[in-house]
>>> print(open('upload-v2.pdb').read())   # PDB, C-alpha atoms
ATOM      1  CA  MET A 958      17.685  -9.500-231.031  1.00  0.00           C
ATOM      2  CA  ASP A 959      18.968 -12.523-229.108  1.00  0.00           C
ATOM      3  CA  TRP A 960      16.134 -14.980-228.503  1.00  0.00           C
ATOM      4  CA  TYR A 961      16.325 -14.785-224.703  1.00  0.00           C
ATOM      5  CA  LYS A 962      15.901 -11.000-224.662  1.00  0.00           C
ATOM      6  CA  ASN A 963      12.829 -11.253-226.868  1.00  0.00           C
ATOM      7  CA  TRP A 964      11.189 -14.280-225.219  1.00  0.00           C
ATOM      8  CA  PHE A 965      11.917 -13.805-221.509  1.00  0.00           C
ATOM      9  CA  GLY A 966      10.567 -10.267-221.621  1.00  0.00           C
ATOM     10  CA  SER A 967       7.304 -11.441-223.164  1.00  0.00           C
ATOM     11  CA  SER A 968       4.104 -11.820-221.128  1.00  0.00           C
ATOM     12  CA  PHE A 969       3.468 -15.059-223.052  1.00  0.00           C
ATOM     13  CA  TYR A 970       6.565 -16.632-221.509  1.00  0.00           C
ATOM     14  CA  LYS A 971       4.927 -16.331-218.091  1.00  0.00           C
ATOM     15  CA  ILE A 972       1.697 -17.828-219.429  1.00  0.00           C
ATOM     16  CA  LEU A 973       3.385 -20.879-220.963  1.00  0.00           C
ATOM     17  CA  TYR A 974       5.435 -21.621-217.848  1.00  0.00           C
ATOM     18  CA  GLN A 975       2.842 -20.638-215.241  1.00  0.00           C
ATOM     19  CA  ASN A 976       2.707 -24.221-213.970  1.00  0.00           C
ATOM     20  CA  ARG A 977       6.269 -24.180-212.662  1.00  0.00           C
ATOM     21  CA  ASP A 978       6.215 -25.651-209.198  1.00  0.00           C
ATOM     22  CA  ASP A 979       7.062 -22.948-206.651  1.00  0.00           C
ATOM     23  CA  PHE A 980       6.858 -25.495-203.834  1.00  0.00           C
ATOM     24  CA  GLU A 981       9.456 -27.618-205.623  1.00  0.00           C
ATOM     25  CA  ALA A 982      11.665 -24.534-206.038  1.00  0.00           C
ATOM     26  CA  GLN A 983      11.321 -23.693-202.349  1.00  0.00           C
ATOM     27  CA  GLU A 984      12.104 -27.282-201.378  1.00  0.00           C
ATOM     28  CA  PHE A 985      15.218 -27.181-203.575  1.00  0.00           C
ATOM     29  CA  VAL A 986      16.472 -24.020-201.872  1.00  0.00           C
ATOM     30  CA  GLU A 987      15.865 -25.516-198.426  1.00  0.00           C
ATOM     31  CA  ASN A 988      17.721 -28.702-199.368  1.00  0.00           C
ATOM     32  CA  LEU A 989      20.631 -26.728-200.806  1.00  0.00           C
ATOM     33  CA  LEU A 990      20.960 -24.583-197.697  1.00  0.00           C
ATOM     34  CA  THR A 991      20.903 -27.684-195.497  1.00  0.00           C
ATOM     35  CA  TYR A 992      23.698 -29.163-197.613  1.00  0.00           C
ATOM     36  CA  LEU A 993      25.788 -25.992-197.966  1.00  0.00           C
ATOM     37  CA  GLN A 994      25.388 -24.688-194.400  1.00  0.00           C
ATOM     38  CA  PRO A 995      26.214 -21.069-195.339  1.00  0.00           C
ATOM     39  CA  ALA A 996      27.228 -18.640-192.618  1.00  0.00           C
ATOM     40  CA  PRO A 997      24.475 -16.146-191.666  1.00  0.00           C
ATOM     41  CA  SER A 998      26.586 -13.275-193.013  1.00  0.00           C
ATOM     42  CA  SER A 999      27.018 -14.847-196.475  1.00  0.00           C
ATOM     43  CA  TYR A1000      26.789 -12.768-199.638  1.00  0.00           C
ATOM     44  CA  MET A1001      24.900 -14.564-202.406  1.00  0.00           C
ATOM     45  CA  LEU A1002      24.492 -13.955-206.144  1.00  0.00           C
ATOM     46  CA  ASP A1003      21.566 -15.303-208.189  1.00  0.00           C
ATOM     47  CA  ILE A1004      22.746 -15.282-211.816  1.00  0.00           C
ATOM     48  CA  ALA A1005      19.983 -15.025-214.435  1.00  0.00           C
ATOM     49  CA  CYS A1006      17.486 -14.549-211.626  1.00  0.00           C
ATOM     50  CA  GLY A1007      14.435 -13.768-213.781  1.00  0.00           C
ATOM     51  CA  GLU A1008      11.782 -12.193-211.564  1.00  0.00           C
ATOM     52  CA  GLY A1009      13.681 -13.353-208.496  1.00  0.00           C
ATOM     53  CA  ARG A1010      11.701 -16.277-207.087  1.00  0.00           C
ATOM     54  CA  PHE A1011      14.857 -18.104-205.944  1.00  0.00           C
ATOM     55  CA  ALA A1012      16.610 -14.923-204.787  1.00  0.00           C
ATOM     56  CA  ARG A1013      13.614 -13.996-202.637  1.00  0.00           C
ATOM     57  CA  GLN A1014      13.692 -17.377-200.932  1.00  0.00           C
ATOM     58  CA  LEU A1015      17.399 -17.032-200.169  1.00  0.00           C
ATOM     59  CA  ALA A1016      16.858 -13.517-198.791  1.00  0.00           C
ATOM     60  CA  GLU A1017      14.081 -14.753-196.506  1.00  0.00           C
ATOM     61  CA  HIS A1018      16.775 -16.713-194.660  1.00  0.00           C
ATOM     62  CA  GLY A1019      18.572 -13.452-193.891  1.00  0.00           C
ATOM     63  CA  PHE A1020      21.414 -13.704-196.408  1.00  0.00           C
ATOM     64  CA  ASP A1021      22.538 -10.663-198.387  1.00  0.00           C
ATOM     65  CA  VAL A1022      21.282 -11.540-201.881  1.00  0.00           C
ATOM     66  CA  THR A1023      21.854  -9.889-205.255  1.00  0.00           C
ATOM     67  CA  GLY A1024      19.968 -10.973-208.367  1.00  0.00           C
ATOM     68  CA  ILE A1025      21.124 -10.171-211.916  1.00  0.00           C
ATOM     69  CA  ASP A1026      19.368 -10.763-215.223  1.00  0.00           C
ATOM     70  CA  ILE A1027      19.643  -9.455-218.781  1.00  0.00           C
ATOM     71  CA  SER A1028      15.865  -8.956-219.056  1.00  0.00           C
ATOM     72  CA  ILE A1029      14.854  -5.385-218.206  1.00  0.00           C
ATOM     73  CA  GLU A1030      11.225  -6.470-217.787  1.00  0.00           C
ATOM     74  CA  SER A1031      12.119  -9.261-215.365  1.00  0.00           C
ATOM     75  CA  ILE A1032      14.294  -7.006-213.232  1.00  0.00           C
ATOM     76  CA  GLU A1033      11.606  -4.317-213.139  1.00  0.00           C
ATOM     77  CA  SER A1034       9.260  -6.920-211.703  1.00  0.00           C
ATOM     78  CA  ALA A1035      11.890  -8.286-209.305  1.00  0.00           C
ATOM     79  CA  LYS A1036      12.686  -4.806-207.964  1.00  0.00           C
ATOM     80  CA  THR A1037       9.213  -4.554-206.446  1.00  0.00           C
ATOM     81  CA  PHE A1038      10.431  -7.171-203.904  1.00  0.00           C
ATOM     82  CA  GLU A1039      13.661  -5.401-202.951  1.00  0.00           C
ATOM     83  CA  THR A1040      14.560  -5.121-199.261  1.00  0.00           C
ATOM     84  CA  ASP A1041      17.618  -4.142-197.250  1.00  0.00           C
ATOM     85  CA  ASN A1042      19.173  -7.547-197.998  1.00  0.00           C
ATOM     86  CA  LEU A1043      17.748  -8.153-201.492  1.00  0.00           C
ATOM     87  CA  ASN A1044      18.696  -6.150-204.593  1.00  0.00           C
ATOM     88  CA  PHE A1045      18.303  -6.676-208.326  1.00  0.00           C
ATOM     89  CA  PHE A1046      20.235  -5.337-211.342  1.00  0.00           C
ATOM     90  CA  VAL A1047      20.084  -5.635-215.118  1.00  0.00           C
ATOM     91  CA  HIS A1048      23.324  -7.367-216.094  1.00  0.00           C
ATOM     92  CA  ASP A1049      24.723  -9.698-218.752  1.00  0.00           C
ATOM     93  CA  MET A1050      26.164 -12.864-217.173  1.00  0.00           C
ATOM     94  CA  ARG A1051      29.055 -12.880-219.649  1.00  0.00           C
ATOM     95  CA  PHE A1052      30.637  -9.908-217.903  1.00  0.00           C
ATOM     96  CA  PRO A1053      31.834  -9.717-214.274  1.00  0.00           C
ATOM     97  CA  PHE A1054      29.558  -8.035-211.773  1.00  0.00           C
ATOM     98  CA  TYR A1055      31.348  -7.636-208.420  1.00  0.00           C
ATOM     99  CA  ILE A1056      34.818  -9.220-208.320  1.00  0.00           C
ATOM    100  CA  ASN A1057      35.852 -11.622-205.518  1.00  0.00           C
ATOM    101  CA  TYR A1058      32.780 -10.497-203.580  1.00  0.00           C
ATOM    102  CA  PHE A1059      30.275 -13.319-203.126  1.00  0.00           C
ATOM    103  CA  ASP A1060      30.452 -16.381-200.905  1.00  0.00           C
ATOM    104  CA  TYR A1061      27.892 -18.249-203.023  1.00  0.00           C
ATOM    105  CA  ALA A1062      26.639 -17.930-206.581  1.00  0.00           C
ATOM    106  CA  PHE A1063      23.617 -19.762-207.985  1.00  0.00           C
ATOM    107  CA  ASN A1064      22.455 -20.380-211.531  1.00  0.00           C
ATOM    108  CA  PHE A1065      19.024 -21.975-211.256  1.00  0.00           C
ATOM    109  CA  PHE A1066      16.672 -23.786-213.612  1.00  0.00           C
ATOM    110  CA  THR A1067      18.762 -24.155-216.787  1.00  0.00           C
ATOM    111  CA  SER A1068      19.662 -20.481-216.985  1.00  0.00           C
ATOM    112  CA  PHE A1069      22.880 -21.202-218.884  1.00  0.00           C
ATOM    113  CA  GLY A1070      23.700 -22.409-222.382  1.00  0.00           C
ATOM    114  CA  TYR A1071      21.678 -19.684-224.111  1.00  0.00           C
ATOM    115  CA  PHE A1072      24.404 -18.383-226.407  1.00  0.00           C
ATOM    116  CA  GLU A1073      25.109 -19.382-229.977  1.00  0.00           C
ATOM    117  CA  HIS A1074      28.893 -19.509-229.625  1.00  0.00           C
ATOM    118  CA  ASP A1075      30.983 -21.445-227.118  1.00  0.00           C
ATOM    119  CA  ARG A1076      33.199 -18.424-226.516  1.00  0.00           C
ATOM    120  CA  ASP A1077      30.231 -16.679-224.878  1.00  0.00           C
ATOM    121  CA  HIS A1078      29.642 -19.625-222.579  1.00  0.00           C
ATOM    122  CA  ALA A1079      33.344 -19.545-221.697  1.00  0.00           C
ATOM    123  CA  LEU A1080      33.050 -15.830-220.896  1.00  0.00           C
ATOM    124  CA  ALA A1081      30.105 -16.574-218.617  1.00  0.00           C
ATOM    125  CA  ALA A1082      32.031 -19.361-216.838  1.00  0.00           C
ATOM    126  CA  ARG A1083      34.952 -17.005-216.171  1.00  0.00           C
ATOM    127  CA  SER A1084      32.548 -14.315-214.986  1.00  0.00           C
ATOM    128  CA  PHE A1085      30.914 -16.751-212.546  1.00  0.00           C
ATOM    129  CA  ALA A1086      34.324 -17.606-211.122  1.00  0.00           C
ATOM    130  CA  ALA A1087      35.409 -13.974-210.897  1.00  0.00           C
ATOM    131  CA  SER A1088      32.391 -13.057-208.781  1.00  0.00           C
ATOM    132  CA  LEU A1089      33.342 -15.479-205.985  1.00  0.00           C
ATOM    133  CA  LYS A1090      35.739 -15.132-203.091  1.00  0.00           C
ATOM    134  CA  ASN A1091      38.383 -17.786-202.561  1.00  0.00           C
ATOM    135  CA  ASP A1092      36.604 -20.932-201.277  1.00  0.00           C
ATOM    136  CA  GLY A1093      33.368 -19.565-202.737  1.00  0.00           C
ATOM    137  CA  ILE A1094      30.749 -21.997-204.001  1.00  0.00           C
ATOM    138  CA  LEU A1095      28.929 -22.017-207.343  1.00  0.00           C
ATOM    139  CA  VAL A1096      25.756 -24.074-207.839  1.00  0.00           C
ATOM    140  CA  ILE A1097      24.547 -24.713-211.400  1.00  0.00           C
ATOM    141  CA  ASP A1098      21.145 -26.350-211.881  1.00  0.00           C
ATOM    142  CA  TYR A1099      20.916 -27.601-215.479  1.00  0.00           C
ATOM    143  CA  MET A1100      18.775 -29.975-217.473  1.00  0.00           C
ATOM    144  CA  ASN A1101      20.169 -33.502-217.681  1.00  0.00           C
ATOM    145  CA  VAL A1102      20.848 -33.646-221.408  1.00  0.00           C
ATOM    146  CA  GLU A1103      21.165 -37.424-221.557  1.00  0.00           C
ATOM    147  CA  GLN A1104      17.757 -37.861-219.945  1.00  0.00           C
ATOM    148  CA  VAL A1105      16.249 -35.188-222.211  1.00  0.00           C
ATOM    149  CA  MET A1106      17.606 -36.890-225.321  1.00  0.00           C
ATOM    150  CA  ALA A1107      16.329 -40.286-224.192  1.00  0.00           C
ATOM    151  CA  ASN A1108      12.821 -38.848-223.792  1.00  0.00           C
ATOM    152  CA  PHE A1109      12.885 -36.380-226.681  1.00  0.00           C
ATOM    153  CA  ILE A1110       9.452 -35.126-227.808  1.00  0.00           C
ATOM    154  CA  PRO A1111       9.655 -33.592-231.327  1.00  0.00           C
ATOM    155  CA  GLN A1112       6.244 -31.922-231.159  1.00  0.00           C
ATOM    156  CA  GLU A1113       3.428 -31.293-228.683  1.00  0.00           C
ATOM    157  CA  ASP A1114       0.552 -28.915-227.966  1.00  0.00           C
ATOM    158  CA  VAL A1115       0.337 -27.273-224.549  1.00  0.00           C
ATOM    159  CA  GLN A1116      -2.920 -25.647-223.428  1.00  0.00           C
ATOM    160  CA  ARG A1117      -2.735 -22.646-221.114  1.00  0.00           C
ATOM    161  CA  GLY A1118      -6.124 -20.982-220.638  1.00  0.00           C
ATOM    162  CA  ASN A1119      -7.236 -19.620-224.024  1.00  0.00           C
ATOM    163  CA  TYR A1120      -3.848 -20.245-225.608  1.00  0.00           C
ATOM    164  CA  THR A1121      -2.694 -23.371-227.409  1.00  0.00           C
ATOM    165  CA  PHE A1122       1.086 -23.400-227.680  1.00  0.00           C
ATOM    166  CA  ASN A1123       2.419 -25.606-230.467  1.00  0.00           C
ATOM    167  CA  ILE A1124       5.954 -26.630-229.516  1.00  0.00           C
ATOM    168  CA  LYS A1125       8.381 -28.164-231.997  1.00  0.00           C
ATOM    169  CA  ARG A1126      11.816 -29.393-230.927  1.00  0.00           C
ATOM    170  CA  ARG A1127      14.933 -30.261-232.909  1.00  0.00           C
ATOM    171  CA  ILE A1128      18.656 -30.678-232.386  1.00  0.00           C
ATOM    172  CA  GLU A1129      20.862 -28.256-234.273  1.00  0.00           C
ATOM    173  CA  ARG A1130      24.565 -27.423-233.759  1.00  0.00           C
ATOM    174  CA  ASN A1131      24.522 -29.180-230.378  1.00  0.00           C
ATOM    175  CA  HIS A1132      21.631 -27.000-229.234  1.00  0.00           C
ATOM    176  CA  ILE A1133      18.120 -28.075-228.349  1.00  0.00           C
ATOM    177  CA  ILE A1134      15.911 -25.730-230.358  1.00  0.00           C
ATOM    178  CA  LYS A1135      12.328 -25.185-229.315  1.00  0.00           C
ATOM    179  CA  GLU A1136       9.958 -23.244-231.616  1.00  0.00           C
ATOM    180  CA  ILE A1137       6.833 -22.025-229.839  1.00  0.00           C
ATOM    181  CA  SER A1138       3.892 -20.901-231.988  1.00  0.00           C
ATOM    182  CA  PHE A1139       0.407 -19.739-230.990  1.00  0.00           C
ATOM    183  CA  LEU A1140      -2.385 -17.268-231.752  1.00  0.00           C
ATOM    184  CA  ASP A1141      -2.616 -14.209-229.499  1.00  0.00           C
ATOM    185  CA  ASN A1142      -5.816 -12.488-228.343  1.00  0.00           C
ATOM    186  CA  GLU A1143      -6.110 -10.660-231.657  1.00  0.00           C
ATOM    187  CA  ASN A1144      -5.749 -13.901-233.596  1.00  0.00           C
ATOM    188  CA  HIS A1145      -2.258 -12.981-234.786  1.00  0.00           C
ATOM    189  CA  GLN A1146       0.286 -15.748-235.207  1.00  0.00           C
ATOM    190  CA  ARG A1147       3.254 -15.412-232.870  1.00  0.00           C
ATOM    191  CA  THR A1148       6.425 -17.475-232.835  1.00  0.00           C
ATOM    192  CA  TYR A1149       9.236 -17.497-230.301  1.00  0.00           C
ATOM    193  CA  THR A1150      12.379 -19.591-230.107  1.00  0.00           C
ATOM    194  CA  GLU A1151      14.360 -21.143-227.292  1.00  0.00           C
ATOM    195  CA  SER A1152      17.871 -22.449-227.913  1.00  0.00           C
ATOM    196  CA  VAL A1153      19.798 -24.166-225.126  1.00  0.00           C
ATOM    197  CA  ALA A1154      23.178 -25.875-225.500  1.00  0.00           C
ATOM    198  CA  ALA A1155      23.113 -29.633-224.970  1.00  0.00           C
ATOM    199  CA  PHE A1156      25.912 -29.560-222.389  1.00  0.00           C
ATOM    200  CA  SER A1157      26.784 -32.775-220.577  1.00  0.00           C
ATOM    201  CA  LEU A1158      28.589 -33.057-217.250  1.00  0.00           C
ATOM    202  CA  ALA A1159      31.842 -33.632-219.156  1.00  0.00           C
ATOM    203  CA  ASP A1160      31.224 -30.417-221.113  1.00  0.00           C
ATOM    204  CA  PHE A1161      30.815 -28.415-217.904  1.00  0.00           C
ATOM    205  CA  ILE A1162      33.945 -29.897-216.350  1.00  0.00           C
ATOM    206  CA  LYS A1163      35.917 -28.989-219.474  1.00  0.00           C
ATOM    207  CA  MET A1164      34.407 -25.502-219.649  1.00  0.00           C
ATOM    208  CA  PHE A1165      35.206 -24.628-216.041  1.00  0.00           C
ATOM    209  CA  LYS A1166      38.666 -26.196-216.124  1.00  0.00           C
ATOM    210  CA  SER A1167      40.097 -22.895-217.397  1.00  0.00           C
ATOM    211  CA  THR A1168      38.597 -21.030-214.413  1.00  0.00           C
ATOM    212  CA  GLU A1169      39.498 -21.350-210.749  1.00  0.00           C
ATOM    213  CA  LEU A1170      36.410 -23.504-210.138  1.00  0.00           C
ATOM    214  CA  SER A1171      36.594 -27.240-209.493  1.00  0.00           C
ATOM    215  CA  LEU A1172      33.656 -29.649-209.386  1.00  0.00           C
ATOM    216  CA  ILE A1173      33.205 -31.053-205.874  1.00  0.00           C
ATOM    217  CA  ASN A1174      29.789 -32.736-206.067  1.00  0.00           C
ATOM    218  CA  THR A1175      26.804 -33.513-208.291  1.00  0.00           C
ATOM    219  CA  PHE A1176      23.139 -34.237-207.632  1.00  0.00           C
ATOM    220  CA  GLY A1177      20.378 -35.525-209.882  1.00  0.00           C
ATOM    221  CA  ASP A1178      17.239 -33.821-208.579  1.00  0.00           C
ATOM    222  CA  TYR A1179      15.899 -31.184-206.198  1.00  0.00           C
ATOM    223  CA  LEU A1180      15.936 -33.669-203.318  1.00  0.00           C
ATOM    224  CA  LEU A1181      19.725 -33.845-203.851  1.00  0.00           C
ATOM    225  CA  GLN A1182      19.718 -37.513-204.677  1.00  0.00           C
ATOM    226  CA  PRO A1183      22.739 -38.941-206.560  1.00  0.00           C
ATOM    227  CA  TYR A1184      23.176 -38.005-210.216  1.00  0.00           C
ATOM    228  CA  HIS A1185      22.599 -40.779-212.751  1.00  0.00           C
ATOM    229  CA  PRO A1186      23.199 -39.800-216.407  1.00  0.00           C
ATOM    230  CA  VAL A1187      20.279 -41.738-217.871  1.00  0.00           C
ATOM    231  CA  ASP A1188      17.620 -41.393-215.183  1.00  0.00           C
ATOM    232  CA  SER A1189      18.115 -38.149-213.261  1.00  0.00           C
ATOM    233  CA  PRO A1190      15.768 -35.277-214.174  1.00  0.00           C
ATOM    234  CA  ARG A1191      18.404 -32.625-213.374  1.00  0.00           C
ATOM    235  CA  LEU A1192      22.167 -32.106-213.418  1.00  0.00           C
ATOM    236  CA  ILE A1193      23.043 -30.093-210.317  1.00  0.00           C
ATOM    237  CA  MET A1194      26.739 -29.249-210.006  1.00  0.00           C
ATOM    238  CA  ILE A1195      28.603 -27.842-207.028  1.00  0.00           C
ATOM    239  CA  PHE A1196      31.873 -26.041-207.831  1.00  0.00           C
ATOM    240  CA  LYS A1197      34.398 -24.529-205.429  1.00  0.00           C
ATOM    241  CA  LYS A1198      36.800 -21.702-206.150  1.00  0.00           C
ATOM    242  CA  LYS A1199      40.457 -22.197-205.363  1.00  0.00           C
ATOM    243  CA  TYR A1200      43.176 -19.830-206.468  1.00  0.00           C
ATOM    244  CA  ALA A1201      46.041 -21.508-208.282  1.00  0.00           C
ATOM    245  CA  SER A1202      48.978 -21.923-205.903  1.00  0.00           C
TER     246      SER A1202
END
>>> encode(input="upload-v2.pdb", output="structure tokens")
Amino acid sequence: MDWYKNWFGSSFYKILYQNRDDFEAQEFVENLLTYLQPAPSSYMLDIACGEGRFARQLAEHGFDVTGIDISIESIESAKTFETDNLNFFVHDMRFPFYINYFDYAFNFFTSFGYFEHDRDHALAARSFAASLKNDGILVIDYMNVEQVMANFIPQEDVQRGNYTFNIKRRIERNHIIKEISFLDNENHQRTYTESVAAFSLADFIKMFKSTELSLINTFGDYLLQPYHPVDSPRLIMIFKKKYAS
């Protein structure tokens, strides 16, 4: 089983990352909407939406929002929040969902780069482009690899309630590999793996060059401050779809 299917569907994933800042996520959405100025009738796609925390915030503004994710467990949870303008589906980002349908597509919180082979990332990039109308906008929120590498932590212990998560990191085949080990409630050893491609801004530009998406702006954090390769905590990219003339 691919690591992301195994790990993201686990209850322990939620425990380890329970400290994610929902206020920060909400602030990011508000800042993006202020920058993008989407029309009230906009159709929006949240790609790799997880349990839908970003999609729900977009829908609260009245937009028609669809969330997709490969995790059956995450989508089951997200579906409990469905409304007339918010729907969720199990779907693999490598394959097109609706074609030429959405005005905006979002890929939040480093929800890309999960595949072992570059051809799968290329498939995902083409799928992202296919989902958008002409002049549609794609927002990708990714880790800033250069900043991550400069502050690389090979090993650490993270305490979450009764659990101590031992996290070991390494670089392998241009992926940042994270091995997460801990004892469960029955004192059984469990180990999960995360593997995320160490894509730089240049890598993304090259990857999307073969699609109809062109980079139009970058930001370095959730306040939408300028992107600096060494210092910025995030790499936020804004792409626009233009059909070849």
>>> resolve_selection(input="upload-v2.pdb", expression="the PyMOL selection byres ((chain A and resi 1094) around 8)", output="list of chain:residue names")
A:Asp1060, A:Tyr1061, A:Ala1062, A:Leu1089, A:Asp1092, A:Gly1093, A:Leu1095, A:Val1096, A:Ile1195, A:Phe1196, A:Lys1197, A:Lys1198
>>> atom_distance(input="upload-v2.pdb", atom1="CA of His1078 (chain A)", atom2="CA of Lys1166 (chain A)")
12.9 Å
>>> resolve_selection(input="upload-v2.pdb", expression="the PyMOL selection byres ((chain A and resi 1000) around 6)", output="list of chain:residue names")
A:Ser999, A:Met1001, A:Asp1021, A:Phe1059, A:Asp1060
>>> atom_distance(input="upload-v2.pdb", atom1="CA of Ala1107 (chain A)", atom2="CA of Glu1151 (chain A)")
19.5 Å
>>> closest_residue(input="upload-v2.pdb", among="A:Thr1175, A:Ile1137, A:Ser1028, A:Ser968", to="Phe1045 (chain A)", atoms="all atoms listed in the file")
A:Ser1028
>>> closest_residue(input="upload-v2.pdb", among="A:Phe1011, A:Tyr1099, A:Phe1020, A:Trp964", to="Lys1135 (chain A)", atoms="only C-alpha atoms")
A:Trp964
>>> closest_residue(input="upload-v2.pdb", among="A:Arg1191, A:Tyr1071, A:Ala1087, A:Glu1103", to="Ser1167 (chain A)", atoms="only C-alpha atoms")
A:Ala1087
>>> closest_atom_pairs(input="upload-v2.pdb", of="region 1019-1105 of chain A", to="region 1118-1133 of chain A", cutoff="10 Å", atoms="only C-alpha atoms", output="Markdown table")
| residue | atom | partner | partner_atom | distance |
| --- | --- | --- | --- | --- |
| A:Gly1070 | CA | A:His1132 | CA | 8.5 |
| A:Tyr1071 | CA | A:His1132 | CA | 8.9 |
| A:Phe1072 | CA | A:His1132 | CA | 9.5 |
| A:Glu1073 | CA | A:His1132 | CA | 8.4 |
| A:His1074 | CA | A:Arg1130 | CA | 9.9 |
| A:Val1102 | CA | A:Ile1133 | CA | 9.3 |
| A:Val1105 | CA | A:Ile1133 | CA | 9.6 |
>>> closest_residue(input="upload-v2.pdb", among="A:Glu981, A:Phe1069, A:Asn976, A:Phe965", to="Gln1116 (chain A)", atoms="only C-alpha atoms")
A:Asn976
>>> resolve_selection(input="upload-v2.pdb", expression="the PyMOL selection byres ((chain A and resi 1177) around 9)", output="JSON, numbers by chain")
{"A": [1101, 1175, 1176, 1178, 1179, 1180, 1181, 1182, 1183, 1184, 1185, 1186, 1188, 1189, 1190, 1191, 1192, 1193, 1194]}
>>> atom_distance(input="upload-v2.pdb", atom1="CA of Ser1171 (chain A)", atom2="CA of Leu1015 (chain A)")
23.7 Å
>>> closest_residue(input="upload-v2.pdb", among="A:Thr1067, A:Trp960, A:Lys1163, A:Leu1170", to="Glu1136 (chain A)", atoms="all atoms listed in the file")
A:Trp960
>>> closest_residue(input="upload-v2.pdb", among="A:Leu1002, A:Ile1173, A:Val1187, A:Ala1154", to="Lys1090 (chain A)", atoms="all atoms listed in the file")
A:Leu1002
>>> residues_near_point(input="upload-v2.pdb", point="(22.6, -10.9, -209.9)", cutoff="8 Å", atoms="all atoms listed in the file", output="mmCIF file with C-alpha atoms, in the coordinates of the input")
data_model
loop_
_atom_site.group_PDB
_atom_site.id
_atom_site.type_symbol
_atom_site.label_atom_id
_atom_site.label_comp_id
_atom_site.auth_asym_id
_atom_site.auth_seq_id
_atom_site.Cartn_x
_atom_site.Cartn_y
_atom_site.Cartn_z
ATOM 1 C CA LEU A 1002 24.492 -13.955 -206.144
ATOM 2 C CA ASP A 1003 21.566 -15.303 -208.189
ATOM 3 C CA ILE A 1004 22.746 -15.282 -211.816
ATOM 4 C CA ALA A 1005 19.983 -15.025 -214.435
ATOM 5 C CA CYS A 1006 17.486 -14.549 -211.626
ATOM 6 C CA THR A 1023 21.854 -9.889 -205.255
ATOM 7 C CA GLY A 1024 19.968 -10.973 -208.367
ATOM 8 C CA ILE A 1025 21.124 -10.171 -211.916
ATOM 9 C CA ASP A 1026 19.368 -10.763 -215.223
ATOM 10 C CA PHE A 1045 18.303 -6.676 -208.326
ATOM 11 C CA PHE A 1046 20.235 -5.337 -211.342
ATOM 12 C CA VAL A 1047 20.084 -5.635 -215.118
ATOM 13 C CA HIS A 1048 23.324 -7.367 -216.094
ATOM 14 C CA PHE A 1054 29.558 -8.035 -211.773
#
>>> residues_around(input="upload-v2.pdb", residues="Phe1065 (chain A)", least_positions_apart="2", cutoff="7 Å", atoms="all atoms listed in the file", output="ChimeraX atom specification")
/A:1063,1067-1068,1097-1098
>>> write_last_selection(input="upload-v2.pdb", atoms="C-alpha atoms", output="compact mmCIF listing (two decimals), in the frame of the given file")
# COMPACT_ATOMS: atom_id res chain seq x y z
CA PHE A 1063 23.62 -19.76 -207.98
CA THR A 1067 18.76 -24.16 -216.79
CA SER A 1068 19.66 -20.48 -216.98
CA ILE A 1097 24.55 -24.71 -211.40
CA ASP A 1098 21.14 -26.35 -211.88
>>> residues_around(input="upload-v2.pdb", residues="Glu1008 (chain A)", least_positions_apart="4", cutoff="8 Å", atoms="all atoms listed in the file", output="compact mmCIF listing (two decimals) with C-alpha atoms, keeping the file's coordinate frame")
# COMPACT_ATOMS: atom_id res chain seq x y z
CA SER A 1031 12.12 -9.26 -215.36
CA ILE A 1032 14.29 -7.01 -213.23
CA SER A 1034 9.26 -6.92 -211.70
CA ALA A 1035 11.89 -8.29 -209.30
